[in-house]
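Asker: Got a structure for you, start_6.cif, holding mmCIF, C-alpha atoms and all ligand atoms.
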data_coords
loop_
_atom_site.group_PDB
_atom_site.id
_atom_site.type_symbol
_atom_site.label_atom_id
_atom_site.label_comp_id
_atom_site.auth_asym_id
_atom_site.auth_seq_id
_atom_site.Cartn_x
_atom_site.Cartn_y
_atom_site.Cartn_z
ATOM 1 C CA MET V 1 155.625 52.079 87.210
ATOM 2 C CA HIS V 2 152.713 53.640 85.431
ATOM 3 C CA LEU V 3 149.982 55.256 87.521
ATOM 4 C CA GLY V 4 147.582 52.595 86.225
ATOM 5 C CA ASN V 5 149.862 49.853 87.589
ATOM 6 C CA LEU V 6 149.988 51.531 90.959
ATOM 7 C CA SER V 7 146.244 51.911 91.104
ATOM 8 C CA GLU V 8 145.654 48.290 90.060
ATOM 9 C CA GLY V 9 148.052 46.903 92.678
ATOM 10 C CA LEU V 10 146.779 49.141 95.466
ATOM 11 C CA LYS V 11 143.206 48.264 94.649
ATOM 12 C CA LYS V 12 144.000 44.577 94.963
ATOM 13 C CA LEU V 13 145.732 45.171 98.263
ATOM 14 C CA ALA V 14 142.971 47.454 99.549
ATOM 15 C CA ASN V 15 140.297 44.899 98.631
ATOM 16 C CA TRP V 16 142.220 42.265 100.542
ATOM 17 C CA CYS V 17 142.526 44.527 103.582
ATOM 18 C CA HIS V 18 138.929 45.778 103.276
ATOM 19 C CA LYS V 19 140.139 49.353 102.871
ATOM 20 C CA THR V 20 139.629 52.006 100.211
ATOM 21 C CA VAL V 21 142.181 54.232 98.505
ATOM 22 C CA GLY V 22 140.864 57.577 97.259
ATOM 23 C CA PRO V 23 142.239 59.514 94.269
ATOM 24 C CA GLU V 24 144.099 61.994 96.477
ATOM 25 C CA GLN V 25 145.723 59.187 98.410
ATOM 26 C CA LEU V 26 146.655 57.552 95.130
ATOM 27 C CA GLU V 27 148.500 60.695 94.133
ATOM 28 C CA ILE V 28 150.516 60.660 97.342
ATOM 29 C CA TRP V 29 151.265 56.988 96.951
ATOM 30 C CA TYR V 30 152.531 57.703 93.440
ATOM 31 C CA GLU V 31 154.795 60.426 94.721
ATOM 32 C CA ARG V 32 156.231 58.073 97.328
ATOM 33 C CA ILE V 33 156.581 54.784 95.510
ATOM 34 C CA GLY V 34 156.072 55.639 91.818
ATOM 35 C CA HIS V 35 159.767 54.989 91.152
ATOM 36 C CA ILE V 36 159.298 51.270 91.789
ATOM 37 C CA PRO V 37 159.230 49.421 88.466
ATOM 38 C CA ASN V 38 156.046 47.554 87.673
ATOM 39 C CA GLU V 39 157.762 44.164 87.611
ATOM 40 C CA ALA V 40 158.883 44.623 91.220
ATOM 41 C CA TRP V 41 155.537 46.146 92.232
ATOM 42 C CA LYS V 42 153.620 43.072 91.097
ATOM 43 C CA ASP V 43 155.943 40.777 93.077
ATOM 44 C CA ILE V 44 155.705 43.031 96.133
ATOM 45 C CA ILE V 45 151.904 43.032 96.085
ATOM 46 C CA LYS V 46 151.845 39.232 95.856
ATOM 47 C CA LYS V 47 154.244 38.894 98.762
ATOM 48 C CA ILE V 48 152.380 41.360 100.961
ATOM 49 C CA ILE V 49 149.051 39.653 100.306
ATOM 50 C CA ASP V 50 150.611 36.286 101.132
ATOM 51 C CA ARG V 51 151.639 37.404 104.575
ATOM 52 C CA THR V 52 148.789 39.780 105.455
ATOM 53 C CA LYS V 53 145.488 38.758 107.001
ATOM 54 C CA PRO V 54 142.294 40.228 105.551
ATOM 55 C CA ASN V 55 141.229 43.363 107.453
ATOM 56 C CA SER V 56 144.853 44.263 108.310
ATOM 57 C CA PRO V 57 145.942 47.885 107.920
ATOM 58 C CA LEU V 58 147.399 48.810 104.539
ATOM 59 C CA PRO V 59 151.207 48.796 104.494
ATOM 60 C CA SER V 60 152.904 52.192 104.644
ATOM 61 C CA PRO V 61 154.911 53.596 101.735
ATOM 62 C CA GLU V 62 157.994 53.006 103.878
ATOM 63 C CA GLU V 63 157.134 49.305 104.161
ATOM 64 C CA ILE V 64 156.664 49.105 100.406
ATOM 65 C CA ARG V 65 160.039 50.765 99.856
ATOM 66 C CA SER V 66 161.665 48.259 102.210
ATOM 67 C CA ALA V 67 160.022 45.450 100.291
ATOM 68 C CA TYR V 68 161.481 46.982 97.125
ATOM 69 C CA SER V 69 164.981 47.046 98.639
ATOM 70 C CA LEU V 70 164.638 43.344 99.382
ATOM 71 C CA TRP V 71 163.367 42.758 95.873
ATOM 72 C CA LEU V 72 166.409 44.526 94.436
ATOM 73 C CA GLN V 73 168.692 42.289 96.494
ATOM 74 C CA ASP V 74 167.030 39.294 94.882
ATOM 75 C CA HIS V 75 167.251 40.885 91.421
ATOM 76 C CA PRO V 76 170.641 42.643 91.325
ATOM 77 C CA LEU V 77 170.524 43.165 87.550
ATOM 78 C CA LYS V 78 167.399 45.294 87.865
ATOM 79 C CA LYS V 79 169.195 47.996 89.803
ATOM 80 C CA ALA V 80 169.835 49.794 86.525
ATOM 81 C CA ILE V 81 166.157 50.711 86.347
ATOM 82 C CA GLU V 82 166.317 52.978 89.371
ATOM 83 C CA PHE V 83 166.354 56.393 87.735
ATOM 84 C CA GLU V 84 165.242 59.776 88.913
ATOM 85 C CA ARG V 85 161.988 61.017 87.502
ATOM 86 C CA GLN V 86 162.312 63.986 85.126
ATOM 87 C CA ASP V 87 159.647 66.503 84.178
ATOM 88 C CA CYS V 88 158.360 65.917 80.669
ATOM 89 C CA ASP V 89 155.493 67.537 78.778
ATOM 90 C CA GLU V 90 155.284 64.731 76.271
ATOM 91 C CA CYS V 91 154.528 61.900 78.705
ATOM 92 C CA ASP V 92 153.627 63.916 81.849
ATOM 93 C CA GLY V 93 156.684 62.375 83.438
ATOM 94 C CA ASP V 94 155.309 58.835 83.212
ATOM 95 C CA GLY V 95 158.050 57.756 80.813
ATOM 96 C CA CYS V 96 155.510 56.107 78.598
ATOM 97 C CA ILE V 97 152.644 57.200 76.389
ATOM 98 C CA THR V 98 149.431 55.203 76.107
ATOM 99 C CA ALA V 99 148.648 54.209 72.550
ATOM 100 C CA TRP V 100 145.479 52.501 71.378
ATOM 101 C CA TYR V 101 145.665 50.286 68.339
ATOM 102 C CA GLU V 102 143.468 47.901 66.474
ATOM 103 C CA ASP V 103 144.569 44.295 66.200
ATOM 104 C CA GLU V 104 144.582 43.511 62.469
ATOM 105 C CA ASP V 105 144.177 39.776 63.137
ATOM 106 C CA ILE V 106 140.800 40.128 64.809
ATOM 107 C CA LYS V 107 139.401 42.831 62.569
ATOM 108 C CA GLY V 108 135.819 42.075 61.703
ATOM 109 C CA PHE V 109 134.710 40.681 65.045
ATOM 110 C CA PHE V 110 130.928 40.591 65.206
ATOM 111 C CA LEU V 111 128.725 40.998 68.222
ATOM 112 C CA ASP V 112 124.940 40.602 67.759
ATOM 113 C CA ASP V 113 125.578 40.708 63.989
ATOM 114 C CA GLU V 114 127.105 44.172 64.361
ATOM 115 C CA PRO V 115 130.723 44.693 63.340
ATOM 116 C CA ARG V 116 132.823 45.792 66.314
ATOM 117 C CA GLN V 117 136.283 47.145 66.342
ATOM 118 C CA ILE V 118 138.539 45.719 69.000
ATOM 119 C CA TRP V 119 141.136 48.043 70.382
ATOM 120 C CA TYR V 120 144.133 47.300 72.497
ATOM 121 C CA LYS V 121 146.211 49.573 74.598
ATOM 122 C CA LYS V 122 149.953 49.561 74.994
ATOM 123 C CA TYR V 123 152.453 51.741 76.763
ATOM 124 C CA LEU V 124 155.183 53.095 74.498
ATOM 125 C CA PRO V 125 158.415 54.540 75.842
ATOM 126 C CA CYS V 126 158.687 58.327 75.559
ATOM 127 C CA ALA V 127 161.298 59.690 73.154
ATOM 128 C CA LYS V 128 161.616 63.050 74.853
ATOM 129 C CA CYS V 129 162.875 62.124 78.316
ATOM 130 C CA ASP V 130 164.681 59.346 80.162
ATOM 131 C CA ASN V 131 161.768 58.368 82.398
ATOM 132 C CA TRP V 132 161.191 55.336 80.172
ATOM 133 C CA LYS V 133 164.137 53.804 82.042
ATOM 134 C CA ARG V 134 161.892 53.674 85.107
ATOM 135 C CA GLN V 135 159.334 51.566 83.248
ATOM 136 C CA PHE V 136 161.198 49.394 80.783
ATOM 137 C CA PRO V 137 164.349 47.279 80.905
ATOM 138 C CA VAL V 138 167.287 49.500 79.972
ATOM 139 C CA HIS V 139 169.553 46.749 78.672
ATOM 140 C CA GLY V 140 169.115 43.402 77.036
ATOM 141 C CA ALA V 141 166.650 41.858 74.649
ATOM 142 C CA LEU V 142 163.600 43.408 76.335
ATOM 143 C CA ALA V 143 164.920 46.981 76.173
ATOM 144 C CA PRO V 144 162.746 49.124 73.847
ATOM 145 C CA LYS V 145 164.010 49.207 70.266
ATOM 146 C CA LYS V 146 162.166 52.424 69.535
ATOM 147 C CA ARG V 147 160.952 55.331 71.617
ATOM 148 C CA TRP V 148 157.978 57.395 70.553
ATOM 149 C CA THR V 149 156.635 60.925 70.456
ATOM 150 C CA LYS V 150 152.891 61.558 70.402
ATOM 151 C CA ASP V 151 153.147 62.754 66.785
ATOM 152 C CA GLU V 152 154.807 59.511 65.744
ATOM 153 C CA ILE V 153 152.124 57.484 67.489
ATOM 154 C CA VAL V 154 149.372 59.334 65.619
ATOM 155 C CA GLU V 155 151.286 59.082 62.322
ATOM 156 C CA ALA V 156 151.502 55.320 62.845
ATOM 157 C CA GLY V 157 147.688 55.174 62.927
ATOM 158 C CA MET V 158 147.309 54.705 66.671
ATOM 159 C CA TYR V 159 145.188 56.771 69.041
ATOM 160 C CA LEU V 160 146.279 58.682 72.111
ATOM 161 C CA GLN V 161 142.864 58.345 73.737
ATOM 162 C CA SER V 162 140.506 55.439 74.039
ATOM 163 C CA PRO V 163 138.727 54.968 70.701
ATOM 164 C CA TYR V 164 135.776 53.633 72.700
ATOM 165 C CA VAL V 165 135.224 57.194 73.834
ATOM 166 C CA TYR V 166 136.346 58.959 70.652
ATOM 167 C CA ARG V 167 135.203 56.290 68.255
ATOM 168 C CA ALA V 168 135.587 56.772 64.554
ATOM 169 C CA PRO V 169 132.529 55.564 62.629
ATOM 170 C CA ILE V 170 133.000 52.162 61.033
ATOM 171 C CA LYS V 171 133.193 52.590 57.297
ATOM 172 C CA GLU V 172 131.379 50.202 54.987
ATOM 173 C CA GLU V 173 134.600 49.208 53.178
ATOM 174 C CA ASP V 174 136.032 48.049 56.524
ATOM 175 C CA ILE V 175 133.355 45.391 56.898
ATOM 176 C CA PRO V 176 134.816 42.126 55.573
ATOM 177 C CA PHE V 177 131.626 40.614 54.072
HETATM 178 ZN ZN ZN C 201 158.699 61.898 78.481
#
With the file now loaded, output its structure as structure tokens.
Ligand SMILES: [Zn+2]
Answerer:
Amino acid sequence: MHLGNLSEGLKKLANWCHKTVGPEQLEIWYERIGHIPNEAWKDIIKKIIDRTKPNSPLPSPEEIRSAYSLWLQDHPLKKAIEFERQDCDECDGDGCITAWYEDEDIKGFFLDDEPRQIWYKKYLPCAKCDNWKRQFPVHGALAPKKRWTKDEIVEAGMYLQSPYVYRAPIKEEDIPF
């Protein structure tokens, strides 16, 4: 899973248990259970919340891994996505690169009479390593058709960082009226 997925799931769980997870803990969690694909992670979080009372201790990484083993038994076809993590400079080993893009369909959204650009974020599979297999289906219709390098993402007009932070000025010719 992506670090963002881990953080989101843990936050939900920690809120439920009235606990907090600090950034250093998050890093350790990622080391221990980062290999779990996001699809399984979401199911695991749901299941744990269903059977945990508020204020309970957080589950251990070992308990999460056991839950993942059970999940794999229920989803035998997903076993193919268990791959070892490789080092990669392109994607920092995440297997995917965050790309920000503007949705053409909602271009020209106005807020308080001011034109606003709306940006979306997606995770694209890295072309330079095999870690994408840990994040995306490897076979079948949902397997990625294309893998990306950062250069290709930029060439395609997308951003590697949030445009809300590094926002390009809106040009007059972009305003539809
Ligand atoms: Zn990579």
Asker: Taking the file above as input, evaluate the PyMOL selection byres (((chain V and resi 120) around 10) and not hetatm) and report the hits as a PyMOL selection string.
Answerer: chain V and resi 99-103+117-119+121-122+158+162-163
Asker: For the file shown, report as a list of chain:residue names the outcome of the PyMOL selection byres (((not hetatm)) within 7 of (chain C and resi 201)) at residue level.
Answerer: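 Evaluating the PyMOL selection byres (((not hetatm)) within 7 of (chain C and resi 201)) on these coordinates yields V:Cys88, V:Asp89, V:Glu90, V:Cys91, V:Asp92, V:Gly93, V:Asp94, V:Gly95, V:Cys96, V:Cys126, V:Ala127, V:Lys128, V:Cys129, V:Asp130, V:Asn131.
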Asker: Hey, can you check how far CA of Ile64 (chain V) sits from CA of Asn15 (chain V)?
Answerer: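 Distance between the two atoms: 17.0 Å.
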Asker: So which one's closest to Arg134 (chain V), V:Glu155, V:Tyr30, V:Met1, V:Ile44? Using all atoms listed in the file, please.
Answerer: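 The answer is V:Met1, which sits nearest to Arg134 (chain V).
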Asker: Have a look at CA of Trp148 (chain V) and CA of Leu6 (chain V) and let me know their distance in Å, one decimal.
Answerer: 22.7 Å
Asker: Take CA of Gln135 (chain V) and CA of Gly34 (chain V) and report the distance between them in Å, one decimal.
Answerer: 10.0 Å
Asker: With 12 Å as the threshold, what does the neighbourhood of (154.9, 41.5, 99.8) contain in terms of residues, counting only C-alpha atoms? Coordinates are those of the file; answer as a list in words.
Answerer: Gly9, Leu10, Leu13, Ala40, Trp41, Lys42, Asp43, Ile44, Ile45, Lys46, Lys47, Ile48, Ile49, Asp50, Arg51, Thr52, Leu58, Pro59, Ser60, Glu63, Ile64, Arg65, Ser66, Ala67, Tyr68, Ser69, Leu70 and Trp71 of chain V
Asker: Looking at only C-alpha atoms, which of V:Ala14, V:Leu72, V:Leu124, V:Ala141 is the one that sits closest to His2 (chain V)?
Answerer: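 Of all the options, V:Leu124 lies closest to His2 (chain V).
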Asker: Using all atoms listed in the file, determine which residues lie at most 7 Å from Pro61 (chain V), disregarding the query and same-chain residues fewer than 6 positions distant; provide the list as an NGL selection string.
Answerer: :V and (29 or 32-33)
Asker: Contacts of Lys11 (chain V) at 12 Å or less, counting only C-alpha atoms, minus same-chain residues fewer than 3 places along, as a PyMOL selection string?
Answerer: chain V and resi 4-8+14-23+25-26+45+49+58
Asker: Using all atoms listed in the file, find the one residue out of V:Asn55, V:Asn38, V:Glu84, V:Thr98 that sits nearest to Val154 (chain V).
Answerer: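 Distance minimum relative to Val154 (chain V) lands on V:Thr98.
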Asker: For Arg147 (chain V), which residue out of V:Ile97, V:Leu3, V:Ile36, V:Leu160 is the nearest one, using all atoms listed in the file?
Answerer: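 Using all atoms listed in the file, Arg147 (chain V) sits closest to V:Ile97.
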Asker: For Val138 (chain V), which of V:Glu31, V:Tyr123, V:Asp151, V:Phe83 is the closest residue, counting all atoms listed in the file?
Answerer: V:Phe83
